[in-house]
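Only one structure is covered here, and it is reproduced in the block below.
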Protein chains: 2
Amino acid sequence: MPSSENSIAEKRHTLAHLLAAAVLERYPHAKPTIGPAVDNGFYYDFDFSGGNGAPGEAELSQLEESMREMLASWNAMTGTEVSEKDARDRFSSNPFKLEIIDGIVAAGDPITLYTAGDFTDLCRGGHSEHPNKDIKPDSFTLDRVAGAYWRGDETKPMLTRIYGLAFDTKDELDAFQAQREEAKKRDHRKLGKELDLFTFSDLVGAGLPLYTPKGTIMRDMLAGFSEELQRSYGFQKVWIPHITKIDLYKKSGHWDKFGDELFLVKSQESSDEFALKPMNCPHHTQIYASKPRSYRDLPLRFMETTTCYRDEKTGELSGLTRVRSLTQDDAHVFCRMDQIEQEFENIMTMIKKMYGTLGLSFKARLSFSDPANPAGYLGERSQWDEAEAILEKIAKKLDIQYFIAQGEAAFYGPKIDVMVTDAIGREWQCATEQLDFVQPMRFELEYTAEDGTKKTPVMIHKALLGTIDRFLGVFIEHTAGNFPTWLAPVQVKVVTVSDKQMEYGQQVLQELLAAGVRAELDTASESMGKKIRNAKTEKVPYVLVIGDKEVEDKTVTVESRDAGKLDPLPVSDFIQKTLAEISTRS
Amino acid sequence: MPSSENSIAEKRHTLAHLLAAAVLERYPHAKPTIGPAVDNGFYYDFDFSGGNGAPGEAELSQLEESMREMLASWNAMTGTEVSEKDARDRFSSNPFKLEIIDGIVAAGDPITLYTAGDFTDLCRGGHSEHPNKDIKPDSFTLDRVAGAYWRGDETKPMLTRIYGLAFDTKDELDAFQAQREEAKKRDHRKLGKELDLFTFSDLVGAGLPLYTPKGTIMRDMLAGFSEELQRSYGFQKVWIPHITKIDLYKKSGHWDKFGDELFLVKSQESSDEFALKPMNCPHHTQIYASKPRSYRDLPLRFMETTTCYRDEKTGELSGLTRVRSLTQDDAHVFCRMDQIEQEFENIMTMIKKMYGTLGLSFKARLSFSDPANPAGYLGERSQWDEAEAILEKIAKKLDIQYFIAQGEAAFYGPKIDVMVTDAIGREWQCATEQLDFVQPMRFELEYTAEDGTKKTPVMIHKALLGTIDRFLGVFIEHTAGNFPTWLAPVQVKVVTVSDKQMEYGQQVLQELLAAGVRAELDTASESMGKKIRNAKTEKVPYVLVIGDKEVEDKTVTVESRDAGKLDPLPVSDFIQKTLAEISTRS
């Protein structure tokens with residue numbers, strides 16, 4: 001393999017060594033510990049205690065220069081196996097490396113050292129063979145400094161972690177940094193506060209967002225869109241409580257698999273053990289099971305916008321994209337095997353309509369069973385083959401960009417996951433539809449077939465938006481808060497040149513509200529310019545400006561957020577246009 | 001006090017003695033234990049072990065006759081105090097009475113015996129003085145036999161409890177029995193199953209209903225009605241999670257008061273302690289507190305249809321009327337003291353509209369502070385006086401039937417509770433509006449007043465339906481399942497005379513569905529008569545019958561559940577009339 005094809009991970013790993021070499025040159029007392037390749041770059045953790053000083057962010061550019069200078073001389077990187085004694089001798093003054101050696105010895109692995117230029121490190125390998133040929137000097141940069149506990153254990157010493165970014169080319173590095181900069185501006189946690197959409201409370205807890213009136217409008221509009229689509233395909237709303245006895249999950253099998261990821265609920269009045277539901281399917285089976293079903297009743301399609309709870313680690317929570325309270329537009333179809341093609345097609349059609357309307361492109365990942373391990377899946381092989389063929393057929397028929405992920409199916413059935421690409425090129429997993437051969441069996445669900453025998457239905461799990469909280473987080477960043485009119489919490493802001501036009505302003509406001517447009521009149525004692533700027537900060541789609549001329553002509557002058565200033569027009573015309581835009585979700 | 005004015009409780013207590021006397025006459029080996037007056041009658045618990053036989057329900061009429069015979073001779077009932085020794089001697093063969101004597105002695109109370117006719121019982125008194133004059137022989141009846149543990153303790157002996165019903169007059173007894181019979185027919189647990197509205201699952205747990213598509217329509221329609229009313233008075237929807245760190249309740253003060261009634265939630269990933277929310281106000285304060293508020297922003301009105309959880313005792317759960325998962329149409333108004341009159345009036349107007357529309361009469365209980373104990377309440381006395389005067393003024397202004405309950409206010413503010421009377425005369429507490437001077441202080445909520453100072457708002461808690469589950473249970477019984485068209489899960493059933501008219505039937509169905517009417521076409525292979533009977537069992541408001549004549553004339557013949565058979569009319573006319581009925585909720 002020519003060196004130019006060395007994987008990006010090997011380059012990043014090599015750069016971690018280079019960073020350690022540069023640090024030791026300037027900080028000879030530093031004790032290097034570990035330095036792996038990570039997403040987008042690399043890091044190295046150092047112990048700077050026991051010497052004079054540690055680098056801060058101000059020192060990173062100097063270190064970066066040292067790295068570039070050294071890189072020129074790193075024409076090869078070679079490994080050599082050494083004895084435990086040699087290794088311990090070499091790192092005798094570095095207790096961290098000695099601890100790593102303990103681990104290698106305990107595992108019975110060989111101890112290897114890697115050398116490039118004048119620098120040798122304890123390492124298991126995986127580097128560029130010819131660093132100065134493989135790595136472009138402008139393809140990396142040092143990014144930031146952070147604290148990190150040795151072994152990630154807060155009882156152990158605090159080390160200094162230096163992060164670097166690295167790509168194959170400068171263009172890729174620039175693109176990543178630009179995307180990150182753009183993402184920072186669009187950060188939904190920042191915009192969520194500025195646009196007054198949601199809040200967190202220390203008293204309520206991390207990962208548990210509270211939605212303000214404006215954020216709730218957006219949640220309701222998104223959920224309403226999903227429900228409307230589903231209703232048109234025969235889905236019916238049901239309602240389930242947010243808790244259950246754990247018996248339900250023992251029966252479904254989830255208790256064994258996910259028991260330690262549940263929020264457990266303790267009753268002080270009953271000896272029953274309860275849990276907060278992390279998913280809805282087991283509850284929905286109980287509605288199916290509440291009365292006898294006939295083949296004529298199928299498909300039965302239960303949908304619900306409902307909140308699940310997952311006991312995520314506090315450190316992994318992030319704004320709306322990783323929460324403990326997940327509201328989902330979930331649904332379950334109970335049907336016969338000969339009905340899954342139509343049902344999958346319906347669901348995929350809904351997904352296409354939804355993401356098309358929302359202006360988000362996507363590709364579908366078809367997660368199939370592993371042909372090398374057919375025994376790893378429950379259900380009959382012939383059903384799997386049939387189902388997988390159907391999923392691919394539907395993707396082709398609906399002209400959806402897709403790829404097949406062999407071996408990525410759940411043990412209970414194949415599935416389609418929808419990967420959305422946002423405005424700055426990031427990918428997010430949102431919608432999903434999954435076939436399930438297993439839960440109907442576990443819950444002994446049945447229907448009376450045409451021939452009078454009892455048969456087991458199959459189940460399809462589906463979500464269009466997925467988790468609405470997460471989707472909203474993604475969508476805020478995708479649009480940078482410039483929501484389409486149908487989703488905007490405030491659709492129209494009425495602004496008068498002075499208080500003289502306030503009476504007509506009120507009249508315009510009432511007409512808008514009566515027509516069902518979410519409108520506000522700015523009555524603050526500010527200049528018109530300031531009011532318009534405020535409305536733009538709030539990213540309101542339309543500002544209606546009213547001066548003497550508009551009062552006289554019974555018109556409004558429209559400042560469109562997306563199309564700039566428009567010609568004056570009668571209020572009723574504006575309302576008609578806006579209602580059409582809202583009703584078509586355009 | 002003339003004997004005719006003896007309270008009903010005294011008559012019932014006397015009848016318990018009479019029952020014991022009658023039982024001992026026929027079952028001399030019986031050991032009487034305790035026999036109190038209860039709602040609607042009385043009971044007595046007996047130990048029938050150690051003899052031959054115990055009465056079953058078949059024996060109740062004989063016992064009842066014995067009671068009537070004995071009653072004639074009970075012209076006086078007199079008490080006398082006895083020594084401990086005399087008491088123990090008299091009841092030496094009855095260990096239950098001896099245990100009661102132990103308790104009386106331990107408490108240092110006097111031991112009294114009451115005698116009427118030939119029967120003497122250990123008793124603390126409270127009887128009719130002249131039983132045969134006070135108690136009408138036809139005003140009572142023995143009702144049923146049940147098992148009951150001595151002292152309600154399942155580790156103690158099982159006794160036989162005989163229940164009796166007793167009122168002042170036969171008419172009242174008859175009325176009670178008729179109401180109970182009628183209530184049994186209307187039992188929402190029975191109708192809920194027959195009409196396929198909700199279900200319970202042993203795997204999910206008691207008190208946790210799951211709503212089928214039909215029941216969910218009703219929940220959504222009721223919640224939607226409430227939200228529509230509230231929206232017209234400026235209420236805005238918000239959204240909160242169903243759990244919180246208990247810190248929230250420590251701050252609100254609920255932890256000290258209700259800590260042991262909460263479902264506690266245990267995280268396996270975090271050391272935070274969580275609870276399922278039993279109410280929504282503390283969460284809503286956190287949305288108020290999420291940004292600075294000005295006097296101009298008030299009133300702020302947050303509403304939400306959301307589910308609370310209360311750790312009710314399993315034995316107290318009953319269908320939908322006592323559940324562990326309570327979905328409420330809750331709201332909180334944050335306002336200035338000078339705004340409470342208007343806000344209370346708005347809420348009371350909504351309540352009037354809601355219950356008027358639903359055909360339920362109500363009276364309002366105004367729960368005020370206790371003038372004898374003004375120190376038992378938080379907040380300033382002048383605010384209480386002002387608020388109580390306002391509540392009464394509004395009740396008068398809106399011409400609402402009301403009564404004042406002195407001393408029934410919560411410690412945090414006065415309130416209005418709405419007591420609804422159902423079709424068979426039972427009272428249910430539903431809507432509520434409560435003033436709260438305390439929580440805004442505890443959470444340090446504030447707004448900037450016109451003069452620039454920081455002030456504390458007051459809070460109003462309100463629910464129109466109250467708990468929707470409970471309301472639905474009440475409403476099912478009130479209507480006996482004959483829901484008004486706007487609430488009926490299936491509004492119209494299309495029935496054809498034979499399969500010949502099925503094509504036209506389909507066409508009619510599609511027209512109904514396109515107009516937004518919840519309609520079904522009965523395609524079963526049954527006679528027309530059977531199909532119409534089925535629709536009536538399902539209590540569908542309108543059945544559209546289609547024969548050859550209707551196909552030819554392009555009409556439908558309407559069988560109205562409430563108005564009988566109507567003249568044939570064009571489908572479009574029927575749709576128009578029905579939509580008008582639905583949109584006005586008439």
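Just so we're on the same page: first chain in the structure tokens is A, next is B, and so on; residues restart at 1 for each chain, and ligands are numbered from 1 in the order they show up.
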
Contact set, chain B to chain A: 8 Å, only C-alpha atoms, as a ChimeraX atom specification: /B:199,201,203-205,208-213,215-217,236-241,243-248,260-270,283,286-287,290,302,311-314,325

Segment 363-378 of chain A environment, 12 Å, only C-alpha atoms, sequence neighbours closer than 4 positions dropped, as a ChimeraX atom specification: /A:348,351-352,355,382-396,398-422,427-439,441-442

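The neighbours of Tyr163 of chain A here are the residues that come within 6 Å of it, using only C-alpha atoms and leaving out any residue fewer than 6 positions away in the same chain; they are Phe42, Tyr43, Asp143 and Arg144 of chain A.
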
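Put simply, atom CA of Glu172 of chain A is 22.3 Å away from atom CA of Gly35 of chain A.
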
Those of segment 177-422 of chain B in DSSP helix (DSSP H, G or I), formatted as JSON, numbers by chain: {"B": [177, 178, 179, 180, 181, 182, 183, 184, 185, 186, 188, 189, 190, 191, 192, 193, 194, 213, 214, 215, 216, 217, 218, 219, 220, 221, 222, 223, 224, 225, 226, 227, 228, 229, 230, 231, 247, 248, 249, 250, 251, 252, 254, 255, 256, 257, 258, 259, 260, 261, 281, 282, 283, 284, 285, 286, 287, 288, 295, 296, 297, 314, 315, 316, 337, 338, 339, 340, 341, 342, 343, 344, 345, 346, 347, 348, 349, 350, 351, 352, 353, 354, 355, 356, 357, 374, 375, 376, 381, 382, 383, 384, 385, 386, 387, 388, 389, 390, 391, 392, 393, 394, 395, 396, 397]}

Among listed residues A:Asp109, A:Ala116, A:Ala87, A:Ser49, nearest Met70 of chain A (using only C-alpha atoms): A:Ala116
